[in-house]
>>> print(open('input12.tsv').read())   # TSV, C-alpha atoms and all ligand atoms
chain	number	residue	atom	x	y	z
A	1	MET	CA	0.00	0.00	0.00
A	2	LYS	CA	1.24	3.50	-0.84
A	3	VAL	CA	1.71	5.89	2.09
A	4	MET	CA	-1.04	8.20	0.84
A	5	ASP	CA	-3.45	5.27	0.57
A	6	ALA	CA	-2.82	4.36	4.22
A	7	ILE	CA	-3.27	8.01	5.23
A	8	LYS	CA	-6.61	8.12	3.43
A	9	LYS	CA	-7.70	4.75	4.76
A	10	ARG	CA	-6.99	5.56	8.43
A	11	ARG	CA	-9.93	6.71	10.50
A	12	SER	CA	-10.38	6.68	14.26
A	13	ALA	CA	-12.02	3.34	15.05
A	14	ARG	CA	-14.21	3.41	18.14
A	15	LYS	CA	-15.85	0.00	17.74
A	16	TYR	CA	-14.01	-3.27	17.39
A	17	LEU	CA	-14.70	-6.86	16.49
A	18	ASN	CA	-14.35	-9.36	19.30
A	19	LYS	CA	-11.28	-10.81	17.64
A	20	PRO	CA	-7.73	-10.84	18.99
A	21	VAL	CA	-4.95	-9.15	17.07
A	22	GLU	CA	-2.12	-11.44	16.07
A	23	ARG	CA	1.16	-10.69	17.89
A	24	GLU	CA	2.96	-10.58	14.52
A	25	LYS	CA	0.73	-7.73	13.40
A	26	ILE	CA	1.27	-5.84	16.64
A	27	MET	CA	5.01	-6.31	16.14
A	28	GLU	CA	4.71	-4.93	12.58
A	29	CYS	CA	3.08	-1.78	13.98
A	30	LEU	CA	5.75	-1.49	16.67
A	31	GLU	CA	8.46	-1.87	14.04
A	32	ALA	CA	7.00	1.05	12.09
A	33	ALA	CA	7.05	3.11	15.29
A	34	ARG	CA	10.60	2.00	16.11
A	35	LEU	CA	11.85	3.39	12.80
A	36	ALA	CA	10.41	6.86	13.40
A	37	PRO	CA	12.69	9.91	13.46
A	38	SER	CA	13.22	11.85	16.68
A	39	ALA	CA	15.07	14.95	17.84
A	40	CYS	CA	18.77	14.06	18.33
A	41	ASN	CA	17.70	10.50	17.51
A	42	ALA	CA	16.78	10.26	21.20
A	43	GLN	CA	13.92	7.80	20.62
A	44	PRO	CA	12.29	9.04	23.84
A	45	TRP	CA	9.54	6.49	24.03
A	46	LYS	CA	8.44	3.16	25.34
A	47	PHE	CA	5.39	1.38	24.00
A	48	ILE	CA	3.61	-0.74	26.60
A	49	VAL	CA	1.23	-3.12	24.86
A	50	THR	CA	-1.58	-4.81	26.75
A	51	ASP	CA	-3.11	-7.63	24.73
A	52	GLU	CA	-3.92	-10.03	27.56
A	53	THR	CA	-7.65	-9.53	28.25
A	54	GLN	CA	-7.56	-9.41	32.04
A	55	ARG	CA	-4.61	-7.03	32.10
A	56	LYS	CA	-6.11	-4.86	29.38
A	57	ASN	CA	-9.44	-4.67	31.23
A	58	GLU	CA	-7.65	-3.72	34.43
A	59	LEU	CA	-5.87	-0.91	32.60
A	60	ALA	CA	-9.09	0.27	30.93
A	61	ARG	CA	-10.99	0.23	34.22
A	62	GLU	CA	-8.42	2.49	35.86
A	63	ALA	CA	-7.45	4.72	32.94
A	64	PHE	CA	-10.99	5.38	31.74
A	65	SER	CA	-12.59	6.17	35.09
A	66	GLY	CA	-14.04	9.30	36.71
A	67	ILE	CA	-14.00	12.26	34.32
A	68	TYR	CA	-12.35	10.01	31.73
A	69	ILE	CA	-15.31	7.61	31.54
A	70	VAL	CA	-16.20	8.82	28.03
A	71	THR	CA	-13.13	6.96	26.77
A	72	ARG	CA	-14.57	3.66	28.08
A	73	PHE	CA	-15.39	2.66	24.47
A	74	ALA	CA	-11.72	1.87	24.10
A	75	ALA	CA	-12.03	-0.89	26.72
A	76	LYS	CA	-13.67	-2.99	23.99
A	77	ALA	CA	-10.53	-2.87	21.86
A	78	PRO	CA	-8.54	-6.10	22.19
A	79	VAL	CA	-5.30	-4.15	22.50
A	80	LEU	CA	-4.32	-0.95	24.27
A	81	VAL	CA	-0.95	0.69	23.78
A	82	ALA	CA	0.39	3.19	26.29
A	83	ILE	CA	3.17	5.42	25.01
A	84	VAL	CA	5.45	6.49	27.83
A	85	SER	CA	7.91	9.33	27.35
A	86	ASP	CA	11.55	8.91	28.25
A	87	PRO	CA	13.05	12.32	27.43
A	88	LYS	CA	16.81	12.65	27.01
A	89	TRP	CA	18.82	15.61	28.30
A	90	LEU	CA	20.03	17.07	24.97
A	91	PRO	CA	16.69	17.52	23.20
A	92	ARG	CA	15.18	18.50	26.53
A	93	ALA	CA	17.77	21.28	26.96
A	94	GLY	CA	17.24	22.37	23.36
A	95	GLY	CA	13.50	22.26	23.89
A	96	THR	CA	13.78	24.48	26.97
A	97	ILE	CA	15.63	27.10	24.93
A	98	ARG	CA	13.15	26.71	22.06
A	99	LYS	CA	10.17	26.64	24.51
A	100	THR	CA	8.90	23.38	23.09
A	101	ASP	CA	8.79	19.70	24.08
A	102	PHE	CA	10.56	17.75	21.38
A	103	HIS	CA	9.73	14.42	22.99
A	104	LEU	CA	6.02	15.05	22.43
A	105	THR	CA	6.61	15.76	18.74
A	106	ASP	CA	8.70	12.58	18.58
A	107	ILE	CA	6.00	10.49	20.22
A	108	GLY	CA	3.41	11.91	17.84
A	109	ILE	CA	5.46	10.88	14.84
A	110	ALA	CA	6.18	7.38	16.18
A	111	GLY	CA	2.55	6.89	17.15
A	112	GLU	CA	1.37	7.88	13.71
A	113	HIS	CA	3.84	5.44	12.14
A	114	PHE	CA	2.20	2.76	14.30
A	115	VAL	CA	-1.28	3.88	13.31
A	116	LEU	CA	-0.58	4.02	9.58
A	117	ARG	CA	1.02	0.57	9.56
A	118	ALA	CA	-2.04	-0.69	11.42
A	119	ALA	CA	-4.29	0.82	8.73
A	120	GLU	CA	-2.20	-0.90	6.08
A	121	LEU	CA	-2.70	-4.23	7.88
A	122	GLY	CA	-6.48	-3.75	8.02
A	123	LEU	CA	-6.48	-2.84	11.71
A	124	GLY	CA	-8.30	0.05	13.34
A	125	THR	CA	-6.84	2.44	15.89
A	126	CYS	CA	-7.88	5.44	17.89
A	127	TRP	CA	-5.56	7.95	19.50
A	128	LEU	CA	-6.59	8.40	23.14
A	129	GLY	CA	-5.62	11.55	24.97
A	130	TRP	CA	-8.46	11.59	27.49
A	131	PHE	CA	-7.47	9.14	30.23
A	132	ASP	CA	-6.08	9.09	33.76
A	133	ALA	CA	-2.33	8.99	33.15
A	134	LYS	CA	-1.43	8.49	36.83
A	135	LYS	CA	-3.70	5.47	37.23
A	136	ALA	CA	-2.58	4.05	33.87
A	137	GLY	CA	1.04	4.38	34.95
A	138	ARG	CA	0.31	2.67	38.24
A	139	VAL	CA	-1.36	-0.34	36.57
A	140	LEU	CA	1.52	-0.66	34.12
A	141	ASP	CA	4.26	-0.27	36.76
A	142	VAL	CA	5.65	2.80	35.02
A	143	PRO	CA	8.51	4.16	37.15
A	144	ALA	CA	7.93	7.40	39.06
A	145	GLY	CA	8.82	10.47	36.99
A	146	LYS	CA	7.83	8.88	33.69
A	147	ASN	CA	4.54	9.80	32.10
A	148	VAL	CA	2.05	7.92	29.96
A	149	GLU	CA	1.65	10.68	27.39
A	150	ILE	CA	-0.89	9.12	25.09
A	151	MET	CA	-2.63	5.83	24.41
A	152	LEU	CA	-3.79	3.99	21.31
A	153	SER	CA	-6.55	1.45	20.98
A	154	LEU	CA	-6.00	-1.27	18.40
A	155	GLY	CA	-8.18	-3.98	16.93
A	156	TYR	CA	-10.12	-5.18	13.94
A	157	PRO	CA	-12.64	-2.41	13.32
A	158	ALA	CA	-16.36	-3.16	13.32
A	159	GLU	CA	-18.07	-2.03	10.13
A	160	GLU	CA	-19.67	1.00	11.74
A	161	ALA	CA	-16.51	1.81	13.68
A	162	THR	CA	-15.53	4.98	11.91
A	163	ILE	CA	-18.82	6.83	11.60
A	164	GLY	CA	-18.22	10.41	12.68
A	165	ASN	CA	-17.06	13.78	11.57
A	166	HIS	CA	-13.96	13.47	9.47
A	167	GLN	CA	-14.19	16.92	7.98
A	168	ARG	CA	-10.94	18.75	7.54
A	169	LYS	CA	-10.13	22.42	7.12
A	170	THR	CA	-9.56	23.51	3.56
A	171	MET	CA	-6.07	23.82	2.15
A	172	ASP	CA	-6.47	27.62	2.08
A	173	GLU	CA	-7.33	27.69	5.79
A	174	ILE	CA	-4.22	25.83	6.88
A	175	THR	CA	-1.52	26.98	4.49
A	176	SER	CA	0.24	30.05	3.24
A	177	PHE	CA	3.38	30.45	1.21
A	178	ASN	CA	6.25	32.77	2.07
A	179	GLY	CA	4.66	34.32	5.16
A	180	TRP	CA	1.76	34.06	7.63
A	181	GLY	CA	-0.84	36.07	5.79
A	182	ALA	CA	0.31	35.50	2.23
B	201	LIG	C1	-3.55	13.51	20.26
B	201	LIG	C2	-4.92	12.97	20.01
B	201	LIG	C3	-5.76	12.66	21.06
B	201	LIG	C4	-7.03	12.11	20.83
B	201	LIG	N1	-7.78	11.73	21.89
B	201	LIG	C5	-8.98	11.15	21.67
B	201	LIG	C6	-9.75	10.68	22.77
B	201	LIG	O1	-9.37	10.78	23.93
B	201	LIG	N2	-10.95	10.09	22.50
B	201	LIG	C7	-11.41	9.94	21.21
B	201	LIG	O2	-12.50	9.39	21.03
B	201	LIG	N3	-10.69	10.37	20.14
B	201	LIG	C8	-9.49	10.97	20.34
B	201	LIG	N4	-8.73	11.38	19.28
B	201	LIG	C9	-9.22	11.15	17.90
B	201	LIG	C10	-9.69	12.44	17.23
B	201	LIG	O3	-10.93	12.80	17.78
B	201	LIG	C11	-9.81	12.17	15.71
B	201	LIG	O4	-8.53	11.90	15.19
B	201	LIG	C12	-10.40	13.36	14.94
B	201	LIG	O5	-11.73	13.61	15.34
B	201	LIG	C13	-10.40	13.13	13.43
B	201	LIG	O6	-11.11	11.96	13.08
B	201	LIG	P1	-10.41	10.74	12.33
B	201	LIG	O7	-9.26	10.29	13.19
B	201	LIG	O8	-11.47	9.67	12.21
B	201	LIG	O9	-9.94	11.22	10.99
B	201	LIG	C14	-7.48	11.93	19.49
B	201	LIG	C15	-6.62	12.25	18.43
B	201	LIG	C16	-5.37	12.73	18.67
B	201	LIG	C17	-4.45	12.99	17.51
>>> encode(input="input12.tsv", output="structure tokens")
Amino acid sequence: MKVMDAIKKRRSARKYLNKPVEREKIMECLEAARLAPSACNAQPWKFIVTDETQRKNELAREAFSGIYIVTRFAAKAPVLVAIVSDPKWLPRAGGTIRKTDFHLTDIGIAGEHFVLRAAELGLGTCWLGWFDAKKAGRVLDVPAGKNVEIMLSLGYPAEEATIGNHQRKTMDEITSFNGWGA
């Protein structure tokens, strides 16, 4: 599949078939993430995959609780992936000067590699930003000081999984050439 085809095929999947995802396919997605670029090649990430039902349910119960209950749909996905940041000093120092967090950009790129490879393999994903990171970290034994930045749900999408608003801004709204207002 061409990259642009995978980009067009990908949609946030919020309903999944009750069918496990083969480990080989999960590994394919992880390999795509592993190859992602990062500031100073720091690779400031760890992907914690939960594909064992009991463990995954435990994570979902904790992570999608309280004000995060709206994300409970993701509990039905057979796989949850927590992306934990592991920032390195050089890009962190550069990021402080630049007033940015390079490790978050890096994680975004790696996560999207994962997601696009999943789309290519016929799998559905949803980026999940609305969850209890502290509780998720506790369930996953993430060491103190490290943060679960974002999660992904993964599974075979149900047919109606991707109904929703996929509208995008127009090209004119998001671009200009040679200056902000041009
Ligand atoms: C960083 C990030 C966080 C997101 N968090 C959530 C979330 O917590 N719950 C959810 O249902 N969708 C979440 N999404 C999915 C977006 O709502 C979705 O990508 C957007 O509406 C566009 O739809 P599409 O992915 O189907 O093209 C998130 C997406 C991104 C990139």
>>> closest_residue(input="input12.tsv", among="A:Thr100, A:Ser65, A:Thr170, A:Thr125", to="Val81 in chain A", atoms="all atoms listed in the file")
A:Thr125
>>> closest_residue(input="input12.tsv", among="A:Leu35, A:Cys40, A:Ala77, A:Met171", to="Glu52 in chain A", atoms="all atoms listed in the file")
A:Ala77
>>> residues_near_ligand(input="input12.tsv", ligand="ligand LIG 201 (chain B)", cutoff="7 Å", atoms="all atoms listed in the file", output="list of chain:residue names")
A:Arg10, A:Arg11, A:Ser12, A:Ala13, A:Arg14, A:Thr71, A:Cys126, A:Trp127, A:Leu128, A:Gly129, A:Trp130, A:Phe131, A:Thr162, A:Gly164, A:Asn165, A:His166
>>> residues_around(input="input12.tsv", residues="Ser153 in chain A", least_positions_apart="5", cutoff="12 Å", atoms="all atoms listed in the file", output="PyMOL selection string")
chain A and resi 12-16+21+26+48-51+56+59-60+71-83+111+114-115+118+123-129
>>> residues_around(input="input12.tsv", residues="Ile107 in chain A", least_positions_apart="2", cutoff="8 Å", atoms="only C-alpha atoms", output="PyMOL selection string")
chain A and resi 44-45+83+85+103-105+109-111
>>> atom_distance(input="input12.tsv", atom1="CA of Glu58 in chain A", atom2="CA of Gly155 in chain A")
17.5 Å
>>> closest_residue(input="input12.tsv", among="A:Val148, A:Glu173, A:Lys25, A:Leu17", to="Asp132 in chain A", atoms="only C-alpha atoms")
A:Val148
